[in-house]
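> What follows is the file upload07.txt, containing compact mmCIF, C-alpha atoms and all ligand atoms:
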```txt
# COMPACT_ATOMS: atom_id res chain seq x y z
CA MET G 180 102.45 112.74 63.71
CA GLY G 181 103.85 109.70 65.54
CA GLN G 182 103.71 108.89 69.23
CA ASN G 183 106.89 110.79 70.05
CA LYS G 184 106.23 114.45 70.61
CA ARG G 185 108.27 117.60 71.12
CA ILE G 186 107.22 118.84 74.53
CA LEU G 187 107.99 122.13 76.28
CA VAL G 188 108.00 122.16 80.09
CA THR G 189 108.24 125.65 81.59
CA GLY G 190 109.49 125.62 85.17
CA GLY G 191 111.14 122.33 84.20
CA SER G 192 114.02 122.54 86.67
CA GLY G 193 111.69 123.01 89.64
CA PHE G 194 110.29 120.32 91.89
CA LEU G 195 107.33 119.14 89.79
CA GLY G 196 108.89 120.14 86.46
CA SER G 197 111.99 117.99 86.94
CA HIS G 198 109.87 114.90 87.63
CA LEU G 199 107.66 115.66 84.66
CA CYS G 200 110.66 116.08 82.33
CA ALA G 201 112.08 112.72 83.49
CA ARG G 202 108.74 111.01 82.98
CA LEU G 203 108.29 112.48 79.47
CA LEU G 204 111.81 111.39 78.47
CA ASP G 205 111.00 107.88 79.71
CA GLY G 206 107.96 108.01 77.44
CA GLY G 207 110.25 108.56 74.44
CA HIS G 208 109.51 112.26 73.90
CA ASP G 209 111.78 115.18 73.05
CA VAL G 210 111.76 117.53 76.04
CA LEU G 211 112.62 121.22 76.06
CA CYS G 212 112.97 122.46 79.63
CA VAL G 213 112.68 126.23 80.11
CA ASP G 214 113.49 127.83 83.46
CA ASN G 215 114.99 131.02 84.90
CA TYR G 216 116.25 129.15 88.01
CA PHE G 217 114.38 131.42 90.41
CA THR G 218 113.42 128.50 92.65
CA GLY G 219 114.51 125.61 90.45
CA SER G 220 118.02 124.18 90.32
CA LYS G 221 120.41 122.60 87.87
CA GLU G 222 120.81 119.79 90.37
CA ASN G 223 117.20 118.72 89.76
CA ILE G 224 117.87 118.14 86.05
CA ARG G 225 121.56 117.21 86.14
CA ARG G 226 120.93 113.54 85.45
CA LEU G 227 118.69 114.45 82.49
CA LEU G 228 121.27 116.68 80.77
CA PRO G 229 123.19 113.88 78.99
CA HIS G 230 119.95 112.47 77.53
CA PRO G 231 119.95 113.00 73.75
CA CYS G 232 116.27 114.01 73.77
CA PHE G 233 116.64 116.60 76.57
CA GLU G 234 117.39 120.28 76.06
CA MET G 235 117.61 123.04 78.67
CA LEU G 236 117.03 126.74 77.98
CA ARG G 237 117.52 129.48 80.57
CA HIS G 238 114.64 131.84 79.90
CA ASP G 239 112.11 133.93 81.82
CA VAL G 240 108.54 133.23 80.66
CA THR G 241 107.55 136.86 81.21
CA PHE G 242 109.37 137.42 77.89
CA PRO G 243 108.17 135.91 74.60
CA LEU G 244 109.55 132.57 73.52
CA TYR G 245 109.85 131.31 69.94
CA VAL G 246 110.18 127.53 69.69
CA GLU G 247 108.41 124.74 67.81
CA VAL G 248 106.75 122.04 69.92
CA ASP G 249 103.62 119.87 69.95
CA GLU G 250 102.65 120.25 73.61
CA ILE G 251 103.33 122.73 76.41
CA TYR G 252 103.15 122.15 80.16
CA ASN G 253 103.19 125.60 81.77
CA LEU G 254 104.60 125.15 85.28
CA ALA G 255 106.83 128.22 85.59
CA CYS G 256 105.94 130.04 88.83
CA PRO G 257 107.30 129.91 92.37
CA ALA G 258 104.92 127.78 94.44
CA SER G 259 106.06 128.21 98.03
CA PRO G 260 104.54 131.14 99.96
CA ILE G 261 107.94 132.46 101.10
CA HIS G 262 109.23 132.48 97.52
CA TYR G 263 106.15 133.85 95.79
CA GLN G 264 105.83 136.60 98.43
CA HIS G 265 109.52 137.56 98.08
CA ASP G 266 108.80 139.57 94.89
CA PRO G 267 105.01 139.61 94.58
CA VAL G 268 104.91 141.82 91.49
CA GLN G 269 107.19 139.38 89.67
CA THR G 270 104.95 136.50 90.83
CA THR G 271 101.88 138.06 89.23
CA LYS G 272 103.90 138.87 86.11
CA THR G 273 105.11 135.28 85.90
CA SER G 274 101.57 133.92 86.16
CA VAL G 275 99.88 136.46 83.90
CA HIS G 276 102.52 137.53 81.38
CA GLY G 277 103.88 133.98 81.42
CA ALA G 278 100.42 132.63 80.56
CA ILE G 279 99.95 135.22 77.80
CA ASN G 280 103.34 134.39 76.28
CA MET G 281 102.84 130.62 76.44
CA LEU G 282 99.26 130.87 75.12
CA GLY G 283 100.49 133.10 72.30
CA LEU G 284 103.15 130.55 71.50
CA ALA G 285 100.58 127.71 71.60
CA LYS G 286 98.30 129.68 69.28
CA ARG G 287 101.03 130.34 66.70
CA ILE G 288 102.27 126.73 66.59
CA LYS G 289 98.85 125.11 67.28
CA ALA G 290 100.20 123.27 70.31
CA LYS G 291 98.11 121.77 73.08
CA ILE G 292 98.81 123.52 76.40
CA MET G 293 98.32 122.59 80.05
CA GLN G 294 98.33 125.10 82.90
CA ALA G 295 99.61 124.19 86.36
CA SER G 296 96.89 125.95 88.34
CA THR G 297 96.37 125.46 92.03
CA SER G 298 93.99 124.74 94.86
CA GLU G 299 94.80 128.32 95.90
CA VAL G 300 92.17 129.48 93.39
CA TYR G 301 89.70 128.28 96.08
CA GLY G 302 91.39 130.54 98.67
CA ASP G 303 90.19 129.83 102.22
CA PRO G 304 87.35 127.60 101.04
CA SER G 305 83.84 127.61 102.46
CA VAL G 306 82.98 124.50 100.42
CA HIS G 307 84.64 121.33 101.70
CA PRO G 308 86.00 119.22 100.07
CA GLN G 309 86.63 121.50 97.10
CA VAL G 310 84.86 120.70 93.84
CA GLU G 311 85.84 122.28 90.52
CA SER G 312 82.51 124.13 90.30
CA TYR G 313 83.30 126.10 93.50
CA TRP G 314 84.35 129.69 92.66
CA GLY G 315 86.50 130.17 95.72
CA ASN G 316 87.05 132.62 98.54
CA VAL G 317 90.20 134.60 97.80
CA ASN G 318 91.35 137.83 99.43
CA PRO G 319 92.32 139.91 96.37
CA ILE G 320 94.57 142.33 98.30
CA GLY G 321 96.29 140.09 100.85
CA PRO G 322 99.86 138.75 100.84
CA ARG G 323 98.84 135.53 99.02
CA ALA G 324 96.92 137.41 96.32
CA CYS G 325 99.92 137.80 93.97
CA TYR G 326 99.88 134.02 93.61
CA ASP G 327 96.17 133.23 94.02
CA GLU G 328 94.88 136.00 91.78
CA GLY G 329 97.75 135.54 89.32
CA LYS G 330 96.75 131.90 88.94
CA ARG G 331 93.05 132.81 88.70
CA CYS G 332 93.81 135.33 85.94
CA ALA G 333 95.92 132.70 84.15
CA GLU G 334 92.89 130.37 84.20
CA THR G 335 90.78 133.19 82.74
CA LEU G 336 93.31 133.65 79.95
CA PHE G 337 93.38 129.92 79.21
CA PHE G 338 89.60 129.77 78.89
CA ASP G 339 89.42 132.95 76.78
CA TYR G 340 92.10 131.65 74.39
CA HIS G 341 90.08 128.44 74.19
CA ARG G 342 86.79 130.23 73.45
CA GLN G 343 88.23 132.98 71.27
CA HIS G 344 91.03 131.16 69.44
CA LYS G 345 89.91 127.51 69.75
CA LEU G 346 93.12 126.62 71.55
CA ARG G 347 93.36 123.12 72.98
CA ILE G 348 93.77 123.72 76.72
CA LYS G 349 93.92 121.70 79.93
CA VAL G 350 93.78 123.28 83.37
CA ALA G 351 95.00 121.24 86.36
CA ARG G 352 94.22 122.52 89.86
CA ILE G 353 97.05 121.01 91.86
CA PHE G 354 96.72 120.41 95.60
CA ASN G 355 99.72 120.22 97.98
CA THR G 356 102.28 117.87 96.47
CA TYR G 357 105.57 116.71 97.96
CA GLY G 358 108.53 114.48 97.18
CA PRO G 359 112.21 114.40 96.22
CA ASN G 360 113.65 117.48 94.43
CA MET G 361 111.88 119.95 96.71
CA ALA G 362 114.48 122.56 97.64
CA ILE G 363 115.91 122.41 101.16
CA ASN G 364 114.97 126.07 101.65
CA ASP G 365 111.64 125.68 99.85
CA GLY G 366 109.67 126.73 102.92
CA ARG G 367 106.68 124.48 102.28
CA VAL G 368 105.50 122.37 105.15
CA VAL G 369 106.65 118.86 104.19
CA SER G 370 110.20 119.88 103.30
CA ASN G 371 110.44 122.22 106.32
CA PHE G 372 109.37 119.53 108.79
CA ILE G 373 111.61 116.83 107.32
CA VAL G 374 114.68 119.08 107.20
CA GLN G 375 114.03 120.33 110.75
CA ALA G 376 113.50 116.79 112.07
CA LEU G 377 116.63 115.45 110.37
CA LYS G 378 118.74 118.29 111.80
CA GLY G 379 117.16 117.96 115.25
CA GLU G 380 115.87 121.54 115.04
CA ASP G 381 112.52 122.76 116.35
CA ILE G 382 109.55 121.83 114.15
CA THR G 383 107.80 125.11 113.30
CA VAL G 384 104.05 124.56 113.36
CA TYR G 385 102.31 127.77 112.35
CA GLY G 386 99.34 128.50 114.62
CA GLU G 387 97.81 125.66 116.61
CA GLY G 388 98.38 123.25 113.72
CA ASN G 389 94.65 122.49 113.36
CA GLN G 390 94.61 123.71 109.76
CA THR G 391 94.42 120.84 107.29
CA ARG G 392 96.06 119.93 103.99
CA SER G 393 95.90 116.83 101.77
CA PHE G 394 99.30 115.68 100.53
CA CYS G 395 99.88 114.05 97.16
CA TYR G 396 103.09 112.21 96.28
CA VAL G 397 104.79 113.63 93.19
CA ASP G 398 104.70 110.43 91.08
CA ASP G 399 100.92 110.26 91.42
CA LEU G 400 100.59 113.89 90.39
CA VAL G 401 102.82 113.51 87.33
CA GLU G 402 100.71 110.52 86.24
CA GLY G 403 97.70 112.83 86.55
CA PHE G 404 99.40 115.50 84.36
CA ILE G 405 100.13 112.99 81.59
CA ARG G 406 96.62 111.56 81.66
CA LEU G 407 95.05 115.03 81.66
CA MET G 408 97.12 116.07 78.64
CA GLY G 409 95.89 112.89 76.91
CA THR G 410 92.17 113.52 77.46
CA PRO G 411 90.02 114.26 74.38
CA ASP G 412 90.34 117.81 72.97
CA GLU G 413 86.80 118.70 74.12
CA PHE G 414 87.89 118.22 77.73
CA THR G 415 89.50 121.35 79.14
CA GLY G 416 89.19 120.95 82.90
CA PRO G 417 89.61 122.60 85.30
CA MET G 418 90.41 119.37 87.05
CA ASN G 419 91.49 118.86 90.66
CA LEU G 420 94.64 116.77 91.05
CA GLY G 421 95.58 115.84 94.59
CA ASN G 422 95.29 113.23 97.28
CA PRO G 423 91.94 113.40 99.09
CA VAL G 424 93.29 112.06 102.41
CA GLU G 425 93.33 115.04 104.75
CA PHE G 426 95.64 115.64 107.73
CA THR G 427 96.10 118.43 110.25
CA ILE G 428 99.51 120.11 110.18
CA LEU G 429 100.08 118.89 113.74
CA GLN G 430 99.45 115.30 112.61
CA LEU G 431 101.99 115.78 109.84
CA ALA G 432 104.58 117.12 112.32
CA GLU G 433 104.03 114.15 114.66
CA THR G 434 104.24 111.66 111.78
CA VAL G 435 107.53 113.12 110.50
CA ILE G 436 109.07 113.15 114.00
CA ARG G 437 108.03 109.52 114.59
CA MET G 438 109.24 108.26 111.21
CA ILE G 439 112.63 109.94 111.55
CA GLY G 440 112.94 109.07 115.26
CA SER G 441 113.87 112.70 115.80
CA LYS G 442 114.43 114.49 119.10
CA SER G 443 113.00 117.70 117.63
CA ARG G 444 110.39 119.58 119.64
CA ILE G 445 107.25 121.09 118.16
CA VAL G 446 107.10 124.88 118.56
CA HIS G 447 104.23 127.12 117.55
CA ASN G 448 104.96 130.18 115.39
CA PRO G 449 102.38 132.79 114.34
CA LEU G 450 99.92 131.70 111.68
CA PRO G 451 100.58 133.61 108.44
CA GLN G 452 97.81 135.97 107.24
CA ASP G 453 95.12 134.36 105.04
CA ASP G 454 96.46 130.84 105.67
CA PRO G 455 93.63 128.55 104.46
CA THR G 456 92.08 126.63 107.36
CA GLN G 457 91.18 123.49 105.41
CA ARG G 458 91.92 121.95 102.06
CA GLN G 459 90.89 118.66 100.50
CA PRO G 460 90.32 117.92 96.82
CA ASP G 461 87.18 116.28 95.53
CA ILE G 462 88.68 114.10 92.77
CA THR G 463 85.43 112.62 91.43
CA LEU G 464 86.03 114.32 88.07
CA ALA G 465 89.57 112.92 87.69
CA ARG G 466 88.30 109.45 88.60
CA GLN G 467 85.47 109.66 86.07
CA VAL G 468 87.29 111.28 83.15
CA MET G 469 90.64 109.50 83.32
CA GLY G 470 90.36 106.78 85.95
CA TRP G 471 93.01 108.54 88.01
CA GLU G 472 93.52 108.52 91.74
CA PRO G 473 96.64 108.73 93.90
CA LYS G 474 98.19 105.38 94.84
CA THR G 475 100.85 106.47 97.35
CA LYS G 476 99.99 106.61 101.05
CA LEU G 477 101.47 109.51 103.01
CA GLU G 478 103.92 107.36 104.98
CA ASP G 479 105.18 105.60 101.83
CA GLY G 480 105.77 108.93 100.11
CA LEU G 481 107.43 110.33 103.22
CA VAL G 482 109.89 107.39 103.34
CA LYS G 483 111.16 108.33 99.85
CA THR G 484 111.17 112.05 100.60
CA ILE G 485 113.03 111.60 103.89
CA ALA G 486 115.63 109.43 102.11
CA TYR G 487 116.10 112.19 99.53
CA PHE G 488 116.65 114.91 102.12
CA ARG G 489 118.93 112.66 104.20
CA GLN G 490 121.14 112.18 101.17
CA THR G 491 121.00 115.83 100.10
CA LEU G 492 121.93 117.03 103.58
CA GLY G 493 124.62 114.34 103.90
CA LEU G 494 123.05 113.04 107.14
P1 LIG C 1 109.00 125.15 92.15
O1 LIG C 1 109.20 126.48 92.75
O2 LIG C 1 109.90 124.04 92.59
O3 LIG C 1 109.11 125.23 90.56
C1 LIG C 1 108.76 126.36 89.82
C2 LIG C 1 109.77 126.52 88.70
O4 LIG C 1 109.43 127.67 87.92
C3 LIG C 1 111.19 126.78 89.24
O5 LIG C 1 112.11 125.95 88.57
C4 LIG C 1 111.43 128.25 88.94
O6 LIG C 1 112.81 128.56 88.77
C5 LIG C 1 110.62 128.42 87.67
N1 LIG C 1 110.24 129.81 87.41
C6 LIG C 1 109.71 130.71 88.27
N2 LIG C 1 109.48 131.88 87.66
C7 LIG C 1 109.87 131.71 86.35
C8 LIG C 1 109.90 132.55 85.23
N3 LIG C 1 109.46 133.83 85.29
N4 LIG C 1 110.37 132.06 84.06
C9 LIG C 1 110.83 130.79 83.97
N5 LIG C 1 110.84 129.94 85.02
C10 LIG C 1 110.36 130.40 86.20
O7 LIG C 1 107.47 124.77 92.38
P2 LIG C 1 106.67 123.43 92.03
O8 LIG C 1 106.13 122.89 93.27
O9 LIG C 1 107.47 122.56 91.15
O10 LIG C 1 105.45 124.05 91.22
C11 LIG C 1 105.35 123.97 89.81
C12 LIG C 1 104.04 124.55 89.36
O11 LIG C 1 102.96 123.83 89.95
C13 LIG C 1 103.84 126.01 89.75
O12 LIG C 1 103.20 126.68 88.70
C14 LIG C 1 102.95 125.93 90.96
O13 LIG C 1 102.16 127.08 91.09
C15 LIG C 1 102.10 124.70 90.65
N6 LIG C 1 101.60 124.09 91.88
C16 LIG C 1 102.40 123.33 92.67
C17 LIG C 1 101.89 122.78 93.84
C18 LIG C 1 102.73 121.90 94.74
O14 LIG C 1 102.23 121.49 95.78
N7 LIG C 1 103.94 121.56 94.41
C19 LIG C 1 100.57 123.02 94.21
C20 LIG C 1 99.78 123.83 93.39
C21 LIG C 1 100.31 124.34 92.22
N1 LIG C 2 103.24 125.41 107.80
C1 LIG C 2 103.70 125.19 109.09
N2 LIG C 2 105.04 125.21 109.31
C2 LIG C 2 105.95 125.41 108.31
C3 LIG C 2 105.48 125.62 107.00
C4 LIG C 2 104.12 125.62 106.79
O1 LIG C 2 102.92 124.99 110.02
O2 LIG C 2 107.17 125.40 108.61
C5 LIG C 2 101.79 125.37 107.56
C6 LIG C 2 101.24 126.58 106.81
O3 LIG C 2 100.88 127.60 107.71
C7 LIG C 2 100.03 125.97 106.12
C8 LIG C 2 100.44 124.53 105.85
O4 LIG C 2 101.53 124.26 106.71
O5 LIG C 2 98.91 125.96 106.99
C9 LIG C 2 100.88 124.30 104.41
O6 LIG C 2 101.82 125.29 104.08
P1 LIG C 2 102.63 125.29 102.72
O7 LIG C 2 103.47 126.52 102.72
O8 LIG C 2 103.31 123.99 102.54
O9 LIG C 2 101.53 125.37 101.58
P2 LIG C 2 100.14 126.14 101.40
O10 LIG C 2 99.16 125.04 101.33
O11 LIG C 2 99.89 127.02 102.58
O12 LIG C 2 100.32 126.90 100.17
```
Would you kindly transcribe this structure into structure tokens?

Amino acid sequence: MGQNKRILVTGGSGFLGSHLCARLLDGGHDVLCVDNYFTGSKENIRRLLPHPCFEMLRHDVTFPLYVEVDEIYNLACPASPIHYQHDPVQTTKTSVHGAINMLGLAKRIKAKIMQASTSEVYGDPSVHPQVESYWGNVNPIGPRACYDEGKRCAETLFFDYHRQHKLRIKVARIFNTYGPNMAINDGRVVSNFIVQALKGEDITVYGEGNQTRSFCYVDDLVEGFIRLMGTPDEFTGPMNLGNPVEFTILQLAETVIRMIGSKSRIVHNPLPQDDPTQRQPDITLARQVMGWEPKTKLEDGLVKTIAYFRQTLGL
């Protein structure tokens, strides 16, 4: 087999998926993007459609898929709390049935497969920063459980397919990532604050805003995906991928207002149930195994993200 591979990206028209597809095409690969457009959009992949090595298939991963590829990146799943809580049963089905279908596909065609897992497997963590060996603190019956437990079960399936069927797997635990191609109505904090600040609307900080997150720019994350897929077969992960620089949500709100020069006011809305109080990845493993660490500072990433939303909103 040569360098050029046939690569399936599920969730390929979403935020992360669209960047990954573009990056894989740049690397000379054939890319099959599969998406049911639940939270993704055709706009995200419009510029890729004319590419001779790009193919788009509307398909729901909770149903079996029969294609022939060399590698699979399994990203299909809504990632924003408002979207994954909209139809929680479907969210769990997407994570669990989607994983079973993609693992079954990988088994039949002997493809290598990477799972887009999440820092949410750590829940509201009592270990800080989070290391991969930490088992987490997840409420199994709360409103976030459809996503958190769905992703935890998907990890279980990946490791059982690896042990039982010798599948080549990679599990990435992704921490909060932001950048262009996030949907305007995505509901996650970076896009919400930027859109609100650009429109001069109130900035909705949930709770006091003392909760923390660590924000990774999308290009850094995609580089991490590619490197993780390229690690030796013995290496499975799970591996944290994220930016270890931690901010409070209030700091993020103030930074966005300052950078946009917005007149928006900060208002405090109720804190959603089970909202994790702190989150910061320990990326020692990623540094050691693949020499990876994020390069983009928050303000540099925000400049590009603000420009994207300004253009999208026509402001
Ligand atoms: P996103 O919502 O923009 O993208 C998800 C994509 O999956 C969308 O295009 C959506 O239409 C598609 N999808 C949803 N259900 C599907 C189904 N049943 N069949 C086919 N396609 C389906 O979110 P994102 O930020 O790009 O996240 C991508 C992946 O990365 C998700 O699995 C998410 O859990 C994971 N992740 C993202 C972050 C982050 O900060 N962006 C953090 C942790 C984990
Ligand atoms: N958040 C907020 N205002 C918003 C959206 C989110 O204060 O308009 C907070 C949310 O309560 C959480 C943090 O920002 O503490 C990150 O939320 P997001 O939905 O982006 O991702 P999460 O890490 O919670 O999955």
> Got a sec to check which residues lie within 9 Å of ligand LIG 2 (chain C), using only C-alpha atoms and all ligand atoms, and send them as an MDAnalysis selection string?
chainID G and resid 258:261 298:299 323 354:357 365:372 375 382:393 427:429 432 447:452 454:458
> Please produce a file of those selected residues containing C-alpha atoms, as a compact mmCIF listing (two decimals), keeping the file's coordinate frame.

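Dumped to selection.txt:
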```txt
# COMPACT_ATOMS: atom_id res chain seq x y z
CA ALA G 258 104.92 127.78 94.44
CA SER G 259 106.06 128.21 98.03
CA PRO G 260 104.54 131.14 99.96
CA ILE G 261 107.94 132.46 101.10
CA SER G 298 93.99 124.74 94.86
CA GLU G 299 94.80 128.32 95.90
CA ARG G 323 98.84 135.53 99.02
CA PHE G 354 96.72 120.41 95.60
CA ASN G 355 99.72 120.22 97.98
CA THR G 356 102.28 117.87 96.47
CA TYR G 357 105.57 116.71 97.96
CA ASP G 365 111.64 125.68 99.85
CA GLY G 366 109.67 126.73 102.92
CA ARG G 367 106.68 124.48 102.28
CA VAL G 368 105.50 122.37 105.15
CA VAL G 369 106.65 118.86 104.19
CA SER G 370 110.20 119.88 103.30
CA ASN G 371 110.44 122.22 106.32
CA PHE G 372 109.37 119.53 108.79
CA GLN G 375 114.03 120.33 110.75
CA ILE G 382 109.55 121.83 114.15
CA THR G 383 107.80 125.11 113.30
CA VAL G 384 104.05 124.56 113.36
CA TYR G 385 102.31 127.77 112.35
CA GLY G 386 99.34 128.50 114.62
CA GLU G 387 97.81 125.66 116.61
CA GLY G 388 98.38 123.25 113.72
CA ASN G 389 94.65 122.49 113.36
CA GLN G 390 94.61 123.71 109.76
CA THR G 391 94.42 120.84 107.29
CA ARG G 392 96.06 119.93 103.99
CA SER G 393 95.90 116.83 101.77
CA THR G 427 96.10 118.43 110.25
CA ILE G 428 99.51 120.11 110.18
CA LEU G 429 100.08 118.89 113.74
CA ALA G 432 104.58 117.12 112.32
CA HIS G 447 104.23 127.12 117.55
CA ASN G 448 104.96 130.18 115.39
CA PRO G 449 102.38 132.79 114.34
CA LEU G 450 99.92 131.70 111.68
CA PRO G 451 100.58 133.61 108.44
CA GLN G 452 97.81 135.97 107.24
CA ASP G 454 96.46 130.84 105.67
CA PRO G 455 93.63 128.55 104.46
CA THR G 456 92.08 126.63 107.36
CA GLN G 457 91.18 123.49 105.41
CA ARG G 458 91.92 121.95 102.06
```
> Grab the CA of Phe394 in chain G to CA of Thr218 in chain G distance for me, in Å with one decimal place.
20.6 Å
> Would you list the contacts of range 410-426 of chain G as JSON, numbers by chain, taking every protein, DNA or RNA residue within 8 Å and counting all atoms listed in the file, but skipping same-chain residues closer than 4 positions in sequence?
{"G": [298, 310, 311, 347, 348, 349, 350, 351, 352, 353, 354, 355, 356, 391, 392, 393, 394, 395, 396, 400, 403, 406, 430, 431, 458, 459, 460, 461, 462, 464, 465, 468, 469, 472, 473]}
> Contacts of range 185-189 of chain G at 9 Å or less, counting all atoms listed in the file, minus same-chain residues fewer than 5 places along, as a list in words?
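Listed by chain and then number, they are Gly196, Ser197, Leu199, Cys200, Leu203, His208, Asp209, Val210, Leu211, Cys212, Val213, Asp214, Val240, Val246, Glu247, Val248, Asp249, Glu250, Ile251, Tyr252, Asn253, Leu254, Ala255, Cys256 and Met281 of chain G.
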> Between CA of Phe242 in chain G and CA of Ile363 in chain G, what is the distance, to one decimal in Å?
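Atom-to-atom, CA of Phe242 in chain G and CA of Ile363 in chain G are spaced 28.5 Å apart.
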> For ligand LIG 1 (chain C), which residue among G:Ala333, G:Val306, G:Val482, G:Ala285 is the nearest when counting all atoms listed in the file?
G:Ala333
> Rounded to one decimal place, report the CA of Tyr487 in chain G-CA of Pro359 in chain G distance in Å.
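Value for the CA of Tyr487 in chain G-CA of Pro359 in chain G distance: 5.6 Å.
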> Box along x, y and z, 6 Å on every side, all listed atoms of ligand LIG 1 (chain C) inside: centre and edge lengths in Å to one decimal, as AutoDock Vina command-line options.

```
--center_x 106.3 --center_y 127.7 --center_z 89.9 --size_x 25.0 --size_y 24.3 --size_z 23.8
```
> Pick out the closest residue to ligand LIG 1 (chain C) from this set: G:Met293, G:Leu282, G:Val446, G:Leu346. Count only C-alpha atoms and all ligand atoms.
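So, comparing all the options, the nearest one is G:Met293.
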> Of the candidates G:Gly283, G:Gly329, G:Gly493, G:Gly315, which shows the shortest atom-to-atom distance to ligand LIG 1 (chain C), using all atoms listed in the file?
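For ligand LIG 1 (chain C), the nearest of the candidates is G:Gly329.
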> In the coordinates of the file, take the point (110.3, 117.7, 96.3) and a cut-off of 8 Å; then, counting only C-alpha atoms, name each qualifying protein, DNA or RNA residue as number ranges by chain.
G: 194-195, 357-362, 370, 397, 484
> Would you kindly identify which residues have an atom no farther than 10 Å from (99.4, 132.4, 73.0), using all atoms listed in the file and the file's own coordinates, and write them out as an NGL selection string?
:G and (243 or 277-290 or 292 or 336-337 or 340 or 344 or 346)
> With a distance cut-off of 7 Å and only C-alpha atoms, select the neighbouring residues of range 434-444 of chain G, excluding the residue or stretch itself and same-chain residues fewer than 5 positions from it, and output the selection as a list of chain:residue names.
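Residues meeting the cut-off are G:Phe372, G:Ile373, G:Ala376, G:Leu377, G:Gly379, G:Glu380, G:Asp381, G:Ile382.
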> Selected residues, C-alpha atoms, written as a PDB file, in the coordinates of the input, please.

```pdb
ATOM      1  CA  PHE G 372     109.370 119.530 108.790  1.00  0.00           C
ATOM      2  CA  ILE G 373     111.610 116.830 107.320  1.00  0.00           C
ATOM      3  CA  ALA G 376     113.500 116.790 112.070  1.00  0.00           C
ATOM      4  CA  LEU G 377     116.630 115.450 110.370  1.00  0.00           C
ATOM      5  CA  GLY G 379     117.160 117.960 115.250  1.00  0.00           C
ATOM      6  CA  GLU G 380     115.870 121.540 115.040  1.00  0.00           C
ATOM      7  CA  ASP G 381     112.520 122.760 116.350  1.00  0.00           C
ATOM      8  CA  ILE G 382     109.550 121.830 114.150  1.00  0.00           C
TER       9      ILE G 382
END
```
> Counting all atoms listed in the file, figure out which residue out of G:Tyr263, G:Phe404, G:Phe488, G:Trp471 gets nearest to Pro322 in chain G.
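The answer is G:Tyr263, which sits nearest to Pro322 in chain G.
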> Smallest atom-to-atom distance to ligand LIG 1 (chain C): which of G:Thr297, G:Ser305, G:Asn223, G:Thr270, using all atoms listed in the file?
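Closest candidate: G:Thr297.
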> Using all atoms listed in the file for the distances, tell me which of G:His230, G:Lys221, G:Arg489, G:Lys291 is nearest to ligand LIG 1 (chain C).
G:Lys221
> Quick one: everything within 8 Å of Val300 in chain G, counting all atoms listed in the file, minus sequence neighbours fewer than 3 positions away in the same chain. Send it as a list in words.
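Once the adjacent positions are removed, what remains is Ser296, Thr297, Trp314, Gly315, Asn316, Val317, Asp327, Glu328, Lys330 and Arg331 of chain G.
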